[in-house]
Amino acid sequence: MKQNSKDILDIKIVTHKDGKDKVVEFQYRKSSINEKTMALDVLLQAQDTILPNLAFRYGCRARNCGVCTIDINNLPRIACRSVVRNGDVLKAMNTLPVLSDLVVKRDNISRQLRGKLKTNTTKNDLNVEAPKEYHELTACIECYACLEKCPMHEKNSDDLKPNYEKEYKWGNPFTLLKLQTVILDPLTSKDDVKCSINSAIDFGLETCLDCPGCKCGVGIDLKGKVIKPLVEKSGLLK
Amino acid sequence: MNVEWKKYDVLVIGSGGAGSHAAHAASNKGASVLVVSKDPLGVSDTKISEGLATVRESGSNDDSVETLSENIKMAGADLSIESLTNAFSQDSKLAYDKYRENGLRPTISLKSQTPKPLPLPLGGHTRRRTVGHNNSGIAFAHANWNAIVSKGEINYKEDCWIIDIIVDKKTVIGAVAYDAQKGIILAIQCPSVIIAAGGLSTIYFPKTDTLRGNTGDSYALAVRAGADMVDMEQIQFLPFCLTSPPSYEGLLAGEPVTASFLGVLRDKNKNIILDSVFLRTRAQCSEAIMKSVEKGNGTINGGAFLDMSANKRAPKSGPYFMEYLKTSLPSAYNNVRQALSKPASQCDELWEVRPGAHYMMGGLRVNEFGASVAGELYGKVDLGVSGLFAAGQSMGGLFGANRLGSTSLTEGAVFGLRSGEAAAKNSIYNPLKLQSNDKFLKKISEIDNILVTKGKYSSSSIKKDIQKACWKNLGPIRDKKRLNKMRKLIELWKKKIKNIRIEDTLIWNQSFIEYIEVKNMIDTAEIMLFAAEERNGSIGGHVRIDCKNISMFSKPYSTVVNINNDKSFNVKRVYRNRTPLKRMLFYKLEEIKRLLEAKTIRFLPLSIKDKILEKKYKNIMENNDEMSSIYPGSPEAAIGEKTTL
């Protein structure tokens, strides 16, 4: 079939093996002209045809599991629910170290919070409702789209090599969101609230003062519901 | 590949609902714990579930351990093991509280001061006891994540594939894994291993609503370690999955209960194939659809039509119904809204639906502490693999032939906690006394041989073949011919993976990862095949079209599959106790009564019907608080779709 045919999409997939990037031009065949093609559909078809060993993460295909985040034209997108167009470039996220093709190493982020997240409550009465804001934050699917252009996370850039079992010194919107969730939980003790605010300061909350704000992959108001209340509580504004 | 040696008290495979609770419990008992997960931490079927949990006594005071236990057993066609259903029912509140201790916050009912249950009992539950949550399974995933990360004492590795559990004289001595981040082999020495690696639905594609990673790892690892596997022919299919467009294929559209009072299933000629859908179990709905497809009355994409228009048409109760539909399973309704047309999502048009592989009822044969057992009847621990445990979807014997809605999240926590404690105890009382590393070295040299294979087949293409063949021959419709076909195919795949092509990369070697998963898929398909051949009748989630239905009066049996020394499989039957006839008749009569009542309503004149239903909806939806406005899946919440559409 000809390149300009309506049921073909020309997509560039940037593969990455042994430290080297390579641009692969891929012609995606639509099942019908009206098909709304998602980035994940393209990756799956590429794996089925010309790139049998293409490495990428995916899970639920319904924007719930949060693992298929990639960069489309240099911006983080959740691949299973992001429509692609002719000429789009699919690449690994630029904010985390690449392991292979479109797979990045994610666990340095969670390791940051080891032992610092005070979620273990052993209060007797668990029948307490959390405020609305709490549930707005637990909508986070941990897609890490929020790392994009985060000046706090960028401070780790010396560390953005795939170092094994190493945690990042500086935080990011996700880390702060987890801390703010603990603060909003009515079952958290006053001491643990203080502890969480101090952790946020240690992770570099100060950086947020000069930052226009972060963007969430699933629409959580990070600036209003995470950064603002943390900054207010931290006393950094004084 | 380089080898790194590690020593722990307890190894947990998987970091979902079962794995995280197991790790937490074992760590609390003082054990050193390693959690190994191939997907990122907490990314499991729990995370993508509807977030419904069974909590005993949450909806009424007359609920009890006995009632819940009996509900499970009746739904499971008497294949469920009583000690397991009792453990589940006993611990369901405690396990739910563990979730809450790690940050799960439900809505609290003002009246009873308990977590607030859904308005209607899910099909097969005789009490209201299902608690729903803001953000569905994602809220549970946060709690699981917290359970592993918070304390800082639990070690974990993502991007790590367990290749095999190492066993010496029927006793666990550790496991060997591929650490894809580092590009090395891990040799983990430990006296206890908990398998919590989820199900197998990915051996069917695209007909599943669950995670990609469900390649049957749990079952393949267990059977190769020498464990007994029980009820492995029993796969649950969710009846109402979407059939199109491609990106939404297999995703959940609704549950029987969301079809509400007037929902019916129709074939391609618009004839009713099942009425009173809201009272039916998942298995009954799937069976009705697949039987109609088999008769040639299936829709274009091989399913049936779910017709809820009668609910919508009633002038007074209609708006209540729409509210009920939207709020009961918000993420399922969202799938529908995005995938189907506007009139369809408003229920004015029919929904084309088809069963999707959802949950494996069978699994590792265990006792009430999740420990591997073998032998006759309910099995004995001293005959099983010592030090081997399973929790969650990996284990079998709890749900028998069919699982009730909302029980799986509870199951993961209940048996995660139980197996975690038991494994920690085992490690303390039976520490490793390794004479040599021979068994590990043998496995490592096998792996080295595979890594240099330069054959002609790619594992990912074999994967596709398996997925298609399993749906066709080992899916909801089965007969002798299909099973024979399956046997031939399995032999073919076994030959093919000996002639596989593996790349030379060390870090994240995709071809090696695919190989590990394909091998697990083939072994799992073979266990299922042996079990399916032994089960010569229709029971639970599948239909044997060449056999009669298994009578409810016959002696119930479970299938048990294990592996011989020469790597061939064995299958046998173990018998179960039948529920006393009187109780069974009672259940049957109750069911008939409910169905009759539903039918009567359906045939009443519209105005009277409307009035009755309005009252019913008002009753069930009273005080139904507003759900959170942001949840993943909503178009407002998606920066991806907003900018590219």
# chains A, B, ... in the order shown; residues from 1 in each chain; ligands from 1

$ residues_around --residues "region 235-237 of chain B" --least-positions-apart "3" --cutoff "9 Å" --atoms "only C-alpha atoms" --output "PyMOL selection string"
chain B and resi 201+208+231-232+240+282-283+286+355-362+401-403+475-476+540-542

$ residues_around --residues "His142 (chain B)" --least-positions-apart "2" --cutoff "9 Å" --atoms "only C-alpha atoms" --output "MDAnalysis selection string"
(chainID A and resid 138 140:141) or (chainID B and resid 42 47 102:104 137:140 144:147)

$ write_last_selection --atoms "all heavy atoms" --output "short mmCIF file (atom, residue, chain, number, x, y, z; two decimals), in the first residue's frame"
data_model
loop_
_atom_site.label_atom_id
_atom_site.label_comp_id
_atom_site.auth_asym_id
_atom_site.auth_seq_id
_atom_site.Cartn_x
_atom_site.Cartn_y
_atom_site.Cartn_z
N THR A 138 -5.75 10.36 45.95
CA THR A 138 -5.56 8.93 45.71
C THR A 138 -6.03 8.53 44.31
O THR A 138 -6.01 7.36 43.95
CB THR A 138 -6.25 8.04 46.76
OG1 THR A 138 -7.63 8.39 46.83
CG2 THR A 138 -5.61 8.17 48.12
N CYS A 140 -4.29 9.37 41.94
CA CYS A 140 -2.99 9.28 41.27
C CYS A 140 -2.70 7.85 40.86
O CYS A 140 -2.79 6.93 41.67
CB CYS A 140 -1.89 9.76 42.22
SG CYS A 140 -0.23 9.33 41.67
N ILE A 141 -2.39 7.63 39.56
CA ILE A 141 -2.11 6.28 39.09
C ILE A 141 -0.61 6.03 38.99
O ILE A 141 -0.17 5.02 38.47
CB ILE A 141 -2.78 5.99 37.73
CG1 ILE A 141 -2.25 6.93 36.65
CG2 ILE A 141 -4.29 6.11 37.85
CD1 ILE A 141 -2.66 6.53 35.24
N GLY B 42 3.18 -2.64 43.16
CA GLY B 42 1.75 -2.40 43.36
C GLY B 42 0.91 -2.40 42.09
O GLY B 42 -0.29 -2.19 42.14
N LYS B 47 -5.01 -3.15 41.46
CA LYS B 47 -4.98 -1.73 41.08
C LYS B 47 -6.01 -1.39 40.03
O LYS B 47 -6.59 -0.31 40.05
CB LYS B 47 -3.57 -1.37 40.58
CG LYS B 47 -3.41 0.11 40.25
CD LYS B 47 -1.97 0.48 39.98
CE LYS B 47 -1.80 1.98 39.80
NZ LYS B 47 -0.41 2.39 39.58
N ASN B 102 -3.41 0.97 56.19
CA ASN B 102 -2.46 1.44 55.20
C ASN B 102 -3.03 2.55 54.31
O ASN B 102 -2.46 2.85 53.26
CB ASN B 102 -1.95 0.28 54.35
CG ASN B 102 -0.95 -0.57 55.10
OD1 ASN B 102 -0.01 -0.04 55.69
ND2 ASN B 102 -1.16 -1.87 55.12
N GLY B 103 -4.15 3.12 54.71
CA GLY B 103 -4.60 4.33 54.03
C GLY B 103 -5.85 4.24 53.19
O GLY B 103 -6.22 5.22 52.55
N LEU B 104 -6.52 3.09 53.13
CA LEU B 104 -7.77 3.01 52.38
C LEU B 104 -8.89 3.65 53.20
O LEU B 104 -9.10 3.29 54.35
CB LEU B 104 -8.11 1.54 52.09
CG LEU B 104 -9.34 1.30 51.23
CD1 LEU B 104 -9.07 1.70 49.78
CD2 LEU B 104 -9.77 -0.16 51.28
N GLY B 137 -9.98 0.51 42.31
CA GLY B 137 -8.82 -0.27 42.75
C GLY B 137 -7.58 0.57 43.00
O GLY B 137 -6.67 0.14 43.72
N ILE B 138 -7.53 1.75 42.40
CA ILE B 138 -6.34 2.59 42.56
C ILE B 138 -6.14 2.97 44.02
O ILE B 138 -5.01 3.04 44.51
CB ILE B 138 -6.45 3.82 41.64
CG1 ILE B 138 -6.36 3.34 40.19
CG2 ILE B 138 -5.37 4.83 41.91
CD1 ILE B 138 -6.98 4.27 39.20
N ALA B 139 -7.26 3.16 44.73
CA ALA B 139 -7.16 3.45 46.16
C ALA B 139 -6.55 2.27 46.91
O ALA B 139 -5.75 2.44 47.84
CB ALA B 139 -8.55 3.77 46.72
N PHE B 140 -6.89 1.06 46.49
CA PHE B 140 -6.31 -0.15 47.11
C PHE B 140 -4.82 -0.24 46.77
O PHE B 140 -4.01 -0.65 47.60
CB PHE B 140 -7.01 -1.41 46.60
CG PHE B 140 -8.36 -1.65 47.20
CD1 PHE B 140 -9.46 -0.93 46.76
CD2 PHE B 140 -8.54 -2.59 48.21
CE1 PHE B 140 -10.71 -1.14 47.32
CE2 PHE B 140 -9.79 -2.80 48.77
CZ PHE B 140 -10.87 -2.08 48.32
N ASN B 144 -1.53 -0.85 49.10
CA ASN B 144 -0.56 -1.93 48.91
C ASN B 144 0.87 -1.37 48.81
O ASN B 144 1.81 -1.91 49.39
CB ASN B 144 -0.88 -2.74 47.64
CG ASN B 144 -2.19 -3.49 47.77
OD1 ASN B 144 -2.62 -3.81 48.87
ND2 ASN B 144 -2.82 -3.77 46.65
N TRP B 145 0.99 -0.33 48.04
CA TRP B 145 2.27 0.35 47.84
C TRP B 145 2.80 0.82 49.20
O TRP B 145 3.95 0.60 49.55
CB TRP B 145 2.01 1.53 46.90
CG TRP B 145 3.16 2.18 46.23
CD1 TRP B 145 3.59 1.93 44.96
CD2 TRP B 145 3.98 3.26 46.73
NE1 TRP B 145 4.63 2.78 44.65
CE2 TRP B 145 4.89 3.60 45.70
CE3 TRP B 145 4.02 3.97 47.93
CZ2 TRP B 145 5.84 4.62 45.85
CZ3 TRP B 145 4.97 4.97 48.08
CH2 TRP B 145 5.87 5.28 47.05
N ASN B 146 1.89 1.47 49.95
CA ASN B 146 2.27 1.96 51.27
C ASN B 146 2.74 0.83 52.18
O ASN B 146 3.70 0.98 52.93
CB ASN B 146 1.09 2.67 51.95
CG ASN B 146 0.66 3.93 51.20
OD1 ASN B 146 1.40 4.42 50.35
ND2 ASN B 146 -0.51 4.44 51.50
N ALA B 147 2.04 -0.31 52.11
CA ALA B 147 2.37 -1.44 52.99
C ALA B 147 3.82 -1.89 52.75
O ALA B 147 4.50 -2.30 53.68
CB ALA B 147 1.41 -2.60 52.74
#

$ atom_distance --atom1 "CA of Asp348 (chain B)" --atom2 "CA of Leu306 (chain B)"
11.2 Å

$ closest_residue --among "B:Leu404, B:Met395, B:Met74, B:Ala87" --to "Ala53 (chain B)" --atoms "only C-alpha atoms"
B:Leu404

$ select_by_dssp --residues "region 270-515 of chain B" --states "alpha helix (DSSP H)" --output "ChimeraX atom specification"
/B:282-294,309-313,318-328,330-339,342-345,408-429,438-451,459-473,480-498,510-515

$ residues_around --residues "Cys80 (chain A)" --least-positions-apart "5" --cutoff "8 Å" --atoms "only C-alpha atoms" --output "short mmCIF file (atom, residue, chain, number, x, y, z; two decimals) with C-alpha atoms, in the first residue's frame"
data_model
loop_
_atom_site.label_atom_id
_atom_site.label_comp_id
_atom_site.auth_asym_id
_atom_site.auth_seq_id
_atom_site.Cartn_x
_atom_site.Cartn_y
_atom_site.Cartn_z
CA MET A 38 -3.68 4.94 20.40
CA ALA A 39 0.10 5.02 20.87
CA LEU A 40 -0.06 1.60 22.53
CA ASP A 41 -1.79 0.12 19.46
CA TYR A 58 1.88 -1.70 29.48
CA ARG A 61 -5.10 -0.65 28.42
CA ALA A 62 -7.56 1.57 30.33
CA ARG A 63 -5.47 4.32 31.92
CA CYS A 68 2.71 2.73 29.88
CA SER B 247 -8.42 -0.23 22.02
#

$ closest_residue --among "B:Leu41, B:Met322, B:Val55, B:Val366" --to "Lys157 (chain B)" --atoms "only C-alpha atoms"
B:Leu41

$ residues_around --residues "Thr69 (chain A)" --least-positions-apart "3" --cutoff "7 Å" --atoms "only C-alpha atoms" --output "number ranges by chain"
A: 66, 76-79, 143

$ write_last_selection --atoms "N, CA and C atoms" --output "JSON list (two decimals), in the first residue's frame"
[["chain", "number", "residue", "atom", "x", "y", "z"],
["A", 66, "GLY", "N", -1.04, 2.87, 35.03],
["A", 66, "GLY", "CA", -0.01, 3.91, 35.10],
["A", 66, "GLY", "C", 1.38, 3.54, 34.63],
["A", 76, "PRO", "N", 5.19, 13.83, 28.03],
["A", 76, "PRO", "CA", 4.76, 12.56, 28.60],
["A", 76, "PRO", "C", 3.27, 12.31, 28.35],
["A", 77, "ARG", "N", 2.97, 11.09, 27.88],
["A", 77, "ARG", "CA", 1.59, 10.72, 27.58],
["A", 77, "ARG", "C", 1.37, 9.28, 28.03],
["A", 78, "ILE", "N", 0.13, 8.98, 28.43],
["A", 78, "ILE", "CA", -0.21, 7.61, 28.79],
["A", 78, "ILE", "C", -0.57, 6.89, 27.49],
["A", 79, "ALA", "N", 0.29, 5.94, 27.09],
["A", 79, "ALA", "CA", 0.23, 5.40, 25.73],
["A", 79, "ALA", "C", -1.10, 4.75, 25.38],
["A", 143, "CYS", "N", 1.79, 7.54, 37.14],
["A", 143, "CYS", "CA", 2.27, 7.44, 35.76],
["A", 143, "CYS", "C", 3.56, 8.23, 35.58]]

$ closest_residue --among "A:Lys17, A:Glu25, A:Lys178, A:Thr119" --to "Val103 (chain A)" --atoms "only C-alpha atoms"
A:Lys17
